[in-house]
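See below for structure-v4.cif, which holds mmCIF, C-alpha atoms and all ligand atoms.
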data_query
loop_
_atom_site.label_atom_id
_atom_site.label_comp_id
_atom_site.auth_asym_id
_atom_site.auth_seq_id
_atom_site.Cartn_x
_atom_site.Cartn_y
_atom_site.Cartn_z
CA MET A 1 -2.96 10.87 -12.95
CA ASN A 2 -3.20 10.78 -9.18
CA ILE A 3 -4.77 7.61 -7.88
CA ILE A 4 -5.41 5.85 -4.58
CA LEU A 5 -5.11 2.07 -4.31
CA LEU A 6 -7.42 1.12 -1.49
CA GLY A 7 -7.84 -2.26 0.17
CA PRO A 8 -7.19 -4.19 3.36
CA PRO A 9 -3.77 -5.60 4.35
CA GLY A 10 -2.65 -8.11 1.75
CA ALA A 11 -5.09 -6.89 -0.92
CA GLY A 12 -2.20 -6.37 -3.35
CA LYS A 13 -1.66 -2.60 -3.14
CA GLY A 14 2.13 -2.88 -3.08
CA THR A 15 2.21 -5.57 -5.79
CA GLN A 16 0.00 -3.55 -8.14
CA SER A 17 1.83 -0.28 -7.39
CA ALA A 18 5.10 -1.87 -8.50
CA GLY A 19 3.47 -2.87 -11.80
CA LEU A 20 2.09 0.63 -12.37
CA VAL A 21 5.53 2.14 -11.72
CA GLU A 22 7.05 -0.20 -14.28
CA ARG A 23 4.35 0.10 -16.95
CA HIS A 24 3.48 3.80 -16.64
CA GLY A 25 6.42 5.52 -14.91
CA MET A 26 4.21 6.61 -12.04
CA LYS A 27 5.60 7.07 -8.54
CA GLN A 28 4.48 4.87 -5.66
CA LEU A 29 3.90 6.78 -2.43
CA SER A 30 3.54 4.06 0.21
CA THR A 31 3.32 5.38 3.76
CA GLY A 32 4.07 1.84 5.02
CA ASP A 33 7.33 1.76 3.03
CA MET A 34 8.22 5.29 4.17
CA LEU A 35 7.60 4.37 7.81
CA ARG A 36 9.64 1.15 7.51
CA ALA A 37 12.51 3.19 6.02
CA ALA A 38 12.25 5.62 8.95
CA VAL A 39 12.31 2.74 11.45
CA LYS A 40 15.38 1.26 9.75
CA ALA A 41 17.17 4.62 9.73
CA GLY A 42 16.28 5.22 13.40
CA THR A 43 14.85 8.71 12.74
CA PRO A 44 12.58 10.36 15.37
CA VAL A 45 9.53 9.41 13.25
CA GLY A 46 10.78 5.82 13.03
CA LEU A 47 11.33 5.60 16.78
CA GLN A 48 7.79 6.85 17.40
CA ALA A 49 6.20 4.59 14.79
CA LYS A 50 7.89 1.26 15.46
CA ALA A 51 5.89 0.01 18.44
CA VAL A 52 2.60 1.15 16.88
CA MET A 53 3.37 -0.70 13.64
CA ASP A 54 4.45 -3.83 15.49
CA ARG A 55 1.02 -3.86 17.16
CA GLY A 56 -0.73 -3.35 13.81
CA GLU A 57 -2.32 -0.07 14.87
CA LEU A 58 -2.33 3.18 12.91
CA VAL A 59 0.45 5.74 13.24
CA SER A 60 -0.72 9.33 13.84
CA ASP A 61 -2.37 11.22 10.98
CA GLU A 62 0.11 14.06 11.38
CA ILE A 63 3.15 11.83 10.85
CA VAL A 64 1.88 10.11 7.71
CA SER A 65 0.40 13.25 6.14
CA ASN A 66 3.72 15.05 6.64
CA LEU A 67 5.51 12.17 4.89
CA ILE A 68 3.11 12.41 1.92
CA ASP A 69 3.44 16.19 1.81
CA GLU A 70 7.26 16.04 1.68
CA ASN A 71 7.37 13.27 -0.91
CA LEU A 72 4.76 14.77 -3.23
CA ALA A 73 6.43 18.18 -3.18
CA ALA A 74 9.66 16.55 -4.41
CA MET A 75 7.99 15.00 -7.48
CA PRO A 76 8.06 16.43 -11.02
CA ALA A 77 4.68 18.07 -11.76
CA ASP A 78 3.99 15.77 -14.73
CA GLN A 79 4.63 12.46 -12.92
CA GLY A 80 1.56 10.52 -11.77
CA ALA A 81 1.25 9.48 -8.12
CA ILE A 82 -0.05 6.22 -6.67
CA PHE A 83 -1.11 6.51 -3.05
CA ASP A 84 -0.58 3.07 -1.49
CA GLY A 85 -1.84 2.66 2.07
CA TYR A 86 -2.77 6.34 2.37
CA PRO A 87 -5.22 7.84 3.25
CA ARG A 88 -6.41 5.48 6.00
CA THR A 89 -8.65 7.76 8.08
CA ALA A 90 -11.16 10.54 7.36
CA ALA A 91 -8.62 13.10 8.62
CA GLN A 92 -5.97 11.78 6.21
CA ALA A 93 -8.46 11.94 3.32
CA GLY A 94 -8.97 15.64 4.08
CA ASP A 95 -5.21 16.18 4.37
CA LEU A 96 -4.66 14.52 0.98
CA ASP A 97 -7.11 16.87 -0.76
CA ARG A 98 -5.28 19.87 0.70
CA ILE A 99 -1.81 18.49 -0.12
CA LEU A 100 -2.82 17.73 -3.71
CA ALA A 101 -4.36 21.18 -4.19
CA LYS A 102 -1.22 22.84 -2.83
CA ASN A 103 0.76 21.02 -5.51
CA GLY A 104 -1.66 21.88 -8.32
CA ARG A 105 -2.96 18.31 -8.46
CA SER A 106 -6.30 16.62 -7.90
CA LEU A 107 -7.48 13.09 -7.29
CA ASP A 108 -8.46 11.24 -10.47
CA ARG A 109 -9.43 7.76 -9.25
CA VAL A 110 -9.80 5.59 -6.20
CA ILE A 111 -9.31 1.94 -7.11
CA GLU A 112 -10.66 -0.45 -4.54
CA LEU A 113 -9.13 -3.94 -4.55
CA GLU A 114 -11.97 -6.20 -3.49
CA VAL A 115 -10.75 -9.27 -1.66
CA ASN A 116 -12.03 -12.14 0.38
CA VAL A 117 -10.93 -11.44 3.94
CA ASP A 118 -10.40 -15.16 4.61
CA ALA A 119 -7.58 -15.29 2.04
CA LEU A 120 -5.64 -12.38 3.46
CA VAL A 121 -3.94 -14.03 6.42
CA GLU A 122 -2.52 -16.67 4.06
CA ARG A 123 -1.34 -13.99 1.64
CA ILE A 124 0.38 -12.00 4.33
CA THR A 125 2.00 -14.83 6.24
CA GLY A 126 3.38 -16.14 2.90
CA ARG A 127 4.80 -12.78 1.84
CA PHE A 128 8.51 -12.02 1.58
CA SER A 129 10.55 -9.44 -0.28
CA CYS A 130 13.99 -8.97 -1.75
CA ALA A 131 16.27 -7.46 0.92
CA ASN A 132 18.12 -5.53 -1.78
CA CYS A 133 15.47 -4.05 -4.14
CA GLY A 134 12.22 -4.68 -2.23
CA ALA A 135 10.53 -6.77 -4.97
CA LEU A 136 7.50 -8.54 -3.45
CA TYR A 137 6.95 -12.29 -3.51
CA HIS A 138 4.71 -14.96 -2.02
CA ASP A 139 5.72 -18.49 -0.98
CA THR A 140 3.16 -20.17 -3.24
CA ALA A 141 1.24 -17.52 -5.27
CA ASN A 142 4.24 -15.55 -6.54
CA PRO A 143 7.65 -17.13 -5.91
CA PRO A 144 10.79 -15.97 -7.79
CA ALA A 145 11.25 -17.77 -11.14
CA LYS A 146 14.48 -19.30 -9.82
CA GLU A 147 14.21 -20.37 -6.19
CA GLY A 148 16.24 -18.15 -3.84
CA VAL A 149 17.16 -15.57 -6.52
CA CYS A 150 15.37 -12.23 -6.97
CA ASP A 151 13.86 -11.90 -10.49
CA VAL A 152 14.59 -8.18 -10.58
CA CYS A 153 18.10 -7.67 -9.14
CA HIS A 154 19.36 -11.28 -8.71
CA SER A 155 20.06 -10.80 -5.01
CA THR A 156 19.88 -13.97 -2.89
CA GLU A 157 18.90 -12.16 0.33
CA PHE A 158 15.22 -12.00 1.29
CA LYS A 159 13.32 -10.70 4.31
CA ARG A 160 9.91 -10.84 6.00
CA ARG A 161 8.07 -8.00 7.74
CA PRO A 162 7.92 -8.11 11.56
CA ASP A 163 4.18 -7.22 11.44
CA ASP A 164 3.35 -10.14 9.11
CA ASN A 165 2.19 -12.52 11.82
CA GLU A 166 -1.35 -13.73 12.31
CA GLU A 167 -2.11 -11.77 15.47
CA THR A 168 -0.93 -8.41 14.09
CA VAL A 169 -2.69 -9.05 10.78
CA ARG A 170 -6.00 -9.41 12.63
CA THR A 171 -5.47 -6.02 14.31
CA ARG A 172 -4.53 -4.45 10.95
CA MET A 173 -7.72 -5.82 9.39
CA GLU A 174 -9.82 -4.47 12.23
CA GLU A 175 -8.19 -1.04 11.86
CA TYR A 176 -9.06 -1.15 8.15
CA ARG A 177 -12.68 -2.08 8.83
CA ALA A 178 -13.18 0.53 11.55
CA LYS A 179 -11.19 3.51 10.23
CA THR A 180 -10.33 3.11 6.54
CA ALA A 181 -13.37 1.51 4.89
CA PRO A 182 -15.57 4.42 6.10
CA ILE A 183 -13.69 6.88 3.84
CA LEU A 184 -14.98 5.12 0.69
CA PRO A 185 -18.53 6.59 0.64
CA GLY A 186 -17.09 10.12 0.45
CA TYR A 187 -15.16 9.18 -2.68
CA GLU A 188 -18.20 7.39 -4.08
CA GLU A 189 -20.20 10.61 -3.79
CA ARG A 190 -17.52 12.26 -5.92
CA GLY A 191 -18.00 9.53 -8.55
CA ILE A 192 -14.33 8.52 -8.67
CA VAL A 193 -14.39 4.97 -7.25
CA SER A 194 -13.69 1.92 -9.43
CA ARG A 195 -13.64 -1.64 -8.14
CA VAL A 196 -11.36 -4.46 -9.18
CA ASP A 197 -11.49 -8.14 -8.27
CA GLY A 198 -8.35 -8.44 -6.13
CA MET A 199 -8.75 -12.23 -5.89
CA ALA A 200 -7.87 -12.69 -9.57
CA GLU A 201 -4.31 -13.51 -10.62
CA ILE A 202 -1.79 -10.68 -10.28
CA ALA A 203 -1.57 -10.12 -14.07
CA GLU A 204 -5.36 -10.04 -14.42
CA VAL A 205 -5.68 -7.48 -11.63
CA ALA A 206 -3.04 -5.39 -13.42
CA SER A 207 -5.00 -5.52 -16.72
CA ALA A 208 -8.20 -4.51 -14.95
CA ILE A 209 -6.44 -1.51 -13.40
CA ASP A 210 -4.94 -0.50 -16.76
CA ALA A 211 -8.40 -0.65 -18.33
CA ILE A 212 -9.70 1.76 -15.68
CA LEU A 213 -6.83 4.19 -16.20
CA ALA A 214 -6.96 4.08 -20.03
P1 LIG A 301 1.30 -1.05 5.05
O1 LIG A 301 2.71 -1.31 4.71
O2 LIG A 301 0.54 -0.11 4.22
O3 LIG A 301 0.56 -2.44 5.16
P2 LIG A 301 -0.95 -2.87 4.84
O4 LIG A 301 -1.94 -1.83 4.50
O5 LIG A 301 -1.32 -3.71 5.99
O6 LIG A 301 -0.89 -3.59 3.50
P3 LIG A 301 0.16 -4.66 3.08
O7 LIG A 301 1.41 -3.97 2.64
O8 LIG A 301 0.25 -5.71 4.12
O9 LIG A 301 -0.62 -5.30 1.82
P4 LIG A 301 -0.63 -4.93 0.30
O10 LIG A 301 -2.04 -4.57 -0.05
O11 LIG A 301 0.43 -3.96 -0.08
O12 LIG A 301 -0.34 -6.37 -0.31
P5 LIG A 301 0.92 -6.92 -1.15
O13 LIG A 301 0.91 -6.34 -2.52
O14 LIG A 301 2.17 -6.82 -0.36
O15 LIG A 301 1.23 -0.53 6.56
C1 LIG A 301 1.96 -1.16 7.60
C2 LIG A 301 1.76 -0.40 8.90
O16 LIG A 301 2.28 0.94 8.77
C3 LIG A 301 0.29 -0.20 9.34
O17 LIG A 301 -0.18 -1.31 10.05
C4 LIG A 301 0.40 1.08 10.19
O18 LIG A 301 0.92 0.78 11.47
C5 LIG A 301 1.44 1.89 9.44
N1 LIG A 301 0.85 2.78 8.42
C6 LIG A 301 1.10 2.74 7.07
N2 LIG A 301 0.39 3.69 6.43
C7 LIG A 301 -0.31 4.36 7.38
C8 LIG A 301 -1.25 5.42 7.35
N3 LIG A 301 -1.61 6.01 6.19
N4 LIG A 301 -1.78 5.84 8.53
C9 LIG A 301 -1.43 5.28 9.71
N5 LIG A 301 -0.55 4.26 9.81
C10 LIG A 301 -0.01 3.79 8.67
O19 LIG A 301 0.48 -8.47 -1.29
C11 LIG A 301 0.48 -9.33 -0.16
C12 LIG A 301 0.97 -10.73 -0.56
O20 LIG A 301 0.04 -11.32 -1.45
C13 LIG A 301 2.31 -10.73 -1.31
O21 LIG A 301 3.06 -11.84 -0.90
C14 LIG A 301 1.93 -10.84 -2.79
O22 LIG A 301 2.91 -11.53 -3.55
C15 LIG A 301 0.64 -11.62 -2.72
N6 LIG A 301 -0.33 -11.20 -3.74
C16 LIG A 301 -0.60 -9.93 -4.17
N7 LIG A 301 -1.56 -9.92 -5.11
C17 LIG A 301 -1.95 -11.23 -5.27
C18 LIG A 301 -2.92 -11.88 -6.11
N8 LIG A 301 -3.71 -11.20 -6.94
N9 LIG A 301 -3.03 -13.24 -6.00
C19 LIG A 301 -2.24 -13.96 -5.13
N10 LIG A 301 -1.31 -13.40 -4.33
C20 LIG A 301 -1.15 -12.04 -4.38
MG MG A 302 1.94 -2.93 0.99
#
Could you write out this file's structure as structure tokens?
Amino acid sequence: MNIILLGPPGAGKGTQSAGLVERHGMKQLSTGDMLRAAVKAGTPVGLQAKAVMDRGELVSDEIVSNLIDENLAAMPADQGAIFDGYPRTAAQAGDLDRILAKNGRSLDRVIELEVNVDALVERITGRFSCANCGALYHDTANPPAKEGVCDVCHSTEFKRRPDDNEETVRTRMEEYRAKTAPILPGYEERGIVSRVDGMAEIAEVASAIDAILA
């Protein structure tokens, strides 16, 4: 299975990807995570991407499509891929079709997480993650079971993303509306889009996604 999780910032793409990895052994290919790793490592890509990400704008199609190409090529042929935060433009959607074909794969499903835009700023400004394993949390909606201790790896160090402030979130939402939402009709024509209520509880969203993939 090769699937895209599509939705605006804070829709729950990363949260649901982590569940799919755990339940089905799929691999999460998040261009946001790859770019943050490049920024942290100070690679040429990271140096180019940092300022753009801090503004909440989109990094170039060439950079992100190359990241997907490299990461997909390194995967075992029988492992399913979850595209999280990619593609985000019409050009990236075309790149993805070519990259998949080159690897003998094709796109099975596009799952759109439908969310109420008004709730997203609250979701994003309340988000934090484990500094050690990256597990995602939210101050009120999804805190660790024991305060200050990661459920997954028991680390006590947490971090917040530099682009998770209200101003940048507004730019990210506008980028989604203007450049990413317009790629959906093309997938609809192919009959591969399913919609899920992304405002439901995390576990309910996960069940709805599993029902689509079953
Ligand atoms: P990226 O990292 O992809 O960020 P994003 O698309 O803005 O999405 P988020 O990661 O903010 O949201 P999410 O949907 O993963 O939500 P999450 O599960 O964390 O991109 C960052 C930047 O990198 C971009 O701005 C751009 O500059 C660059 N970039 C990346 N990919 C690119 C590309 N392809 N092309 C060009 N540039 C690119 O959930 C959010 C919070 O809500 C969490 O705290 C979570 O616990 C909570 N939550 C989740 N689900 C629920 C629920 N059902 N109920 C209540 N709370 C919930
Ligand atoms: Mg994410």
Inset, instruction - Do a neighbour search on A:Ile99 at 10 Å with only C-alpha atoms, toss out local chain neighbours closer than 4 positions, and write the hits as number ranges by chain. - result: A: 65-66, 68-70, 72-73, 93-95, 103-106
Legend entry - atom C4 of ligand LIG 301 (chain A) to atom CA of A:Ile63, straight-line distance in Å: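 That distance, rounded to one decimal, is 11.1 Å.
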Inset, instruction - Kindly work out which residues sit at most 7 Å from ligand LIG 301 (chain A), using all atoms listed in the file, and give the list as number ranges by chain. - result: A: 7-16, 30-33, 35, 52-53, 56-61, 64, 84-88, 123-124, 126-128, 136-138, 141-142, 172, 198-202, 205
Legend entry - Selection: 12 Å around A:Arg36, all atoms listed in the file, excl. self and same-chain fewer than 5 positions, as a ChimeraX atom specification: /A:30-31,41-43,45-54,59,64,134,161-163
Inset, instruction - Tell me which of A:Ser129, A:Asn165, A:Ile212, A:Ala77 sits closest to ligand MG 302 (chain A), counting only C-alpha atoms and all ligand atoms. - result: A:Ser129
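Going from atom CA of A:Leu67 to atom CA of A:Gln28 covers 12.9 Å.
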Return stretch 43-70 of chain A, completed with N, CA and C atoms, as a short mmCIF file (atom, residue, chain, number, x, y, z; two decimals), in the frame of the given file.
data_model
loop_
_atom_site.label_atom_id
_atom_site.label_comp_id
_atom_site.auth_asym_id
_atom_site.auth_seq_id
_atom_site.Cartn_x
_atom_site.Cartn_y
_atom_site.Cartn_z
N THR A 43 15.22 7.29 12.63
CA THR A 43 14.85 8.71 12.74
C THR A 43 13.83 8.88 13.87
N PRO A 44 13.59 10.14 14.32
CA PRO A 44 12.58 10.36 15.37
C PRO A 44 11.21 9.79 14.99
N VAL A 45 10.80 9.96 13.72
CA VAL A 45 9.53 9.41 13.25
C VAL A 45 9.55 7.88 13.38
N GLY A 46 10.65 7.28 12.97
CA GLY A 46 10.78 5.82 13.03
C GLY A 46 10.68 5.31 14.46
N LEU A 47 11.34 6.02 15.37
CA LEU A 47 11.33 5.60 16.78
C LEU A 47 9.91 5.66 17.35
N GLN A 48 9.17 6.69 16.93
CA GLN A 48 7.79 6.85 17.40
C GLN A 48 6.87 5.79 16.78
N ALA A 49 7.12 5.45 15.52
CA ALA A 49 6.20 4.59 14.79
C ALA A 49 6.38 3.10 15.07
N LYS A 50 7.58 2.69 15.44
CA LYS A 50 7.89 1.26 15.46
C LYS A 50 6.93 0.41 16.30
N ALA A 51 6.73 0.82 17.55
CA ALA A 51 5.89 0.01 18.44
C ALA A 51 4.44 -0.04 17.93
N VAL A 52 3.98 1.08 17.39
CA VAL A 52 2.60 1.15 16.88
C VAL A 52 2.46 0.19 15.70
N MET A 53 3.43 0.19 14.81
CA MET A 53 3.37 -0.70 13.64
C MET A 53 3.46 -2.16 14.06
N ASP A 54 4.31 -2.44 15.03
CA ASP A 54 4.45 -3.83 15.49
C ASP A 54 3.14 -4.35 16.08
N ARG A 55 2.33 -3.44 16.63
CA ARG A 55 1.02 -3.86 17.16
C ARG A 55 -0.04 -3.93 16.06
N GLY A 56 0.24 -3.34 14.91
CA GLY A 56 -0.73 -3.35 13.81
C GLY A 56 -1.73 -2.21 13.89
N GLU A 57 -1.42 -1.23 14.75
CA GLU A 57 -2.32 -0.07 14.87
C GLU A 57 -1.87 1.03 13.92
N LEU A 58 -2.67 2.10 13.83
CA LEU A 58 -2.33 3.18 12.91
C LEU A 58 -1.44 4.22 13.57
N VAL A 59 -0.43 4.65 12.84
CA VAL A 59 0.45 5.74 13.24
C VAL A 59 -0.35 7.04 13.13
N SER A 60 0.10 8.11 13.81
CA SER A 60 -0.72 9.33 13.84
C SER A 60 -0.89 9.94 12.45
N ASP A 61 -2.06 10.57 12.26
CA ASP A 61 -2.37 11.22 10.98
C ASP A 61 -1.30 12.25 10.63
N GLU A 62 -0.85 12.98 11.64
CA GLU A 62 0.11 14.06 11.38
C GLU A 62 1.41 13.50 10.79
N ILE A 63 1.90 12.41 11.35
CA ILE A 63 3.15 11.83 10.85
C ILE A 63 3.01 11.41 9.39
N VAL A 64 1.97 10.63 9.08
CA VAL A 64 1.88 10.11 7.71
C VAL A 64 1.55 11.21 6.70
N SER A 65 0.72 12.18 7.09
CA SER A 65 0.40 13.25 6.14
C SER A 65 1.63 14.11 5.87
N ASN A 66 2.47 14.32 6.88
CA ASN A 66 3.72 15.05 6.64
C ASN A 66 4.62 14.29 5.67
N LEU A 67 4.67 12.96 5.80
CA LEU A 67 5.51 12.17 4.89
C LEU A 67 5.01 12.32 3.45
N ILE A 68 3.69 12.27 3.27
CA ILE A 68 3.11 12.41 1.92
C ILE A 68 3.39 13.81 1.38
N ASP A 69 3.21 14.80 2.22
CA ASP A 69 3.44 16.19 1.81
C ASP A 69 4.87 16.37 1.30
N GLU A 70 5.84 15.90 2.08
CA GLU A 70 7.26 16.04 1.68
C GLU A 70 7.55 15.30 0.38
#
